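Novice: Below are the structure tokens for one structure; questions will follow.
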Amino acid sequence: MAVIARAADNKDRWVLLVDTKTGASRVIDQQHDDAWVDGPGSRTLGWLDDDKTLYSQSEKTGWSQLYAANVETGEVKQLTSGRGEVFDADLTPDKKRFRMVTSFDSLASGRSTRWAWKAGRWRA
């Protein structure tokens, strides 16, 4: 099971993998910011279709972006980038595409898009 844990002062956030039988946990990703960690999508968390890769959002770059972390290898990939933010992201029920609201087209407003992530590239 994967969960998001937060510090009471919102300066730290952890994505954890929890063993439901033992209660043991392992940090998959951590974010710290002296100001705060609670921007757009800060509670986004789910599994990709391979059931070994978690997706979540982070403001590591200063912009809210979508990331994927392989829980077996520890490899983390940034899936979105650029001058703009992912406000919300979730997988379609068939786990083939993300539905996202982003500001990549215009910083003034969010736009809903649907994209597939295949072979390291976004496809409409």
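In the structure tokens, chains take the letters A, B, ... in the order shown, each chain's residues start at 1, and ligands count up from 1 in the order shown.
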Write out as JSON, numbers by chain all residues of region 2-119 of chain A that backbone DSSP assigns to strand (DSSP E).
Specialist: {"A": [2, 3, 4, 5, 6, 12, 13, 14, 15, 16, 17, 18, 25, 26, 27, 28, 29, 30, 31, 32, 45, 46, 47, 53, 54, 55, 56, 57, 58, 65, 66, 67, 68, 69, 70, 76, 77, 78, 86, 87, 88, 89, 90, 91, 97, 98, 99, 100, 101, 102, 111, 112, 113, 114, 115, 116, 117, 118]}
Novice: Need the shell around Thr113 (chain A): protein/DNA/RNA residues with any atom at most 12 Å away, counting only C-alpha atoms. Skip same-chain ones fewer than 4 positions apart. Format as a list in words?
Specialist: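 Surrounding residues, per the criterion: Val86, Phe87, Asp88, Ala89, Asp90, Leu91, Thr92, Arg97, Phe98, Arg99, Met100, Val101, Thr102, Ser103, Phe104, Asp105, Trp122, Arg123 and Ala124 of chain A.
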Novice: Counting only C-alpha atoms, what is within 6 Å of Leu16 (chain A), bar same-chain residues fewer than 2 positions away, as JSON, numbers by chain?
Specialist: {"A": [2, 3, 26, 27, 28]}
Novice: Those residues with C-alpha atoms, as a PDB file, in the first residue's frame please?
Specialist:
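Written output follows (selection05.pdb):
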ATOM      1  CA  ALA A   2       1.244   3.504  -0.779  1.00  0.00           C
ATOM      2  CA  VAL A   3       0.460   6.542   1.352  1.00  0.00           C
ATOM      3  CA  ARG A  26       9.897   2.532   3.165  1.00  0.00           C
ATOM      4  CA  VAL A  27      10.348   6.067   1.838  1.00  0.00           C
ATOM      5  CA  ILE A  28       9.832   6.217  -1.933  1.00  0.00           C
TER       6      ILE A  28
END
Novice: When you look at Gly39 (chain A) with a cut-off of 10 Å (counting only C-alpha atoms), what residues show up, excluding the ones that are within fewer than 4 positions of it in the same chain? I need them as a count of residues only.
Specialist: 10
Novice: Between CA of Asp12 (chain A) and CA of Gln31 (chain A), what is the distance, to one decimal in Å?
Specialist: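 That distance, rounded to one decimal, is 5.7 Å.
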Novice: Could you tell me how far CA of Thr61 (chain A) sits from CA of Leu17 (chain A), in Å to one decimal place?
Specialist: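 That distance, rounded to one decimal, is 23.2 Å.
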Novice: Distance CA of Leu54 (chain A)-CA of Tyr67 (chain A), one decimal place?
Specialist: 8.2 Å
Novice: Given only C-alpha atoms as the basis, pick out the residue of A:Lys52, A:Lys21, A:Lys11, A:Lys95 nearest to Ala35 (chain A).
Specialist: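 Going through A:Lys52, A:Lys21, A:Lys11, A:Lys95 one by one, the smallest distance to Ala35 (chain A) is for A:Lys11.
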Novice: Would you kindly return, as a ChimeraX atom specification, each protein, DNA or RNA residue with an atom no farther than 10 Å from any atom of Ala7 (chain A), considering only C-alpha atoms and excluding same-chain residues fewer than 4 positions away?
Specialist: /A:11-14,32,36-37
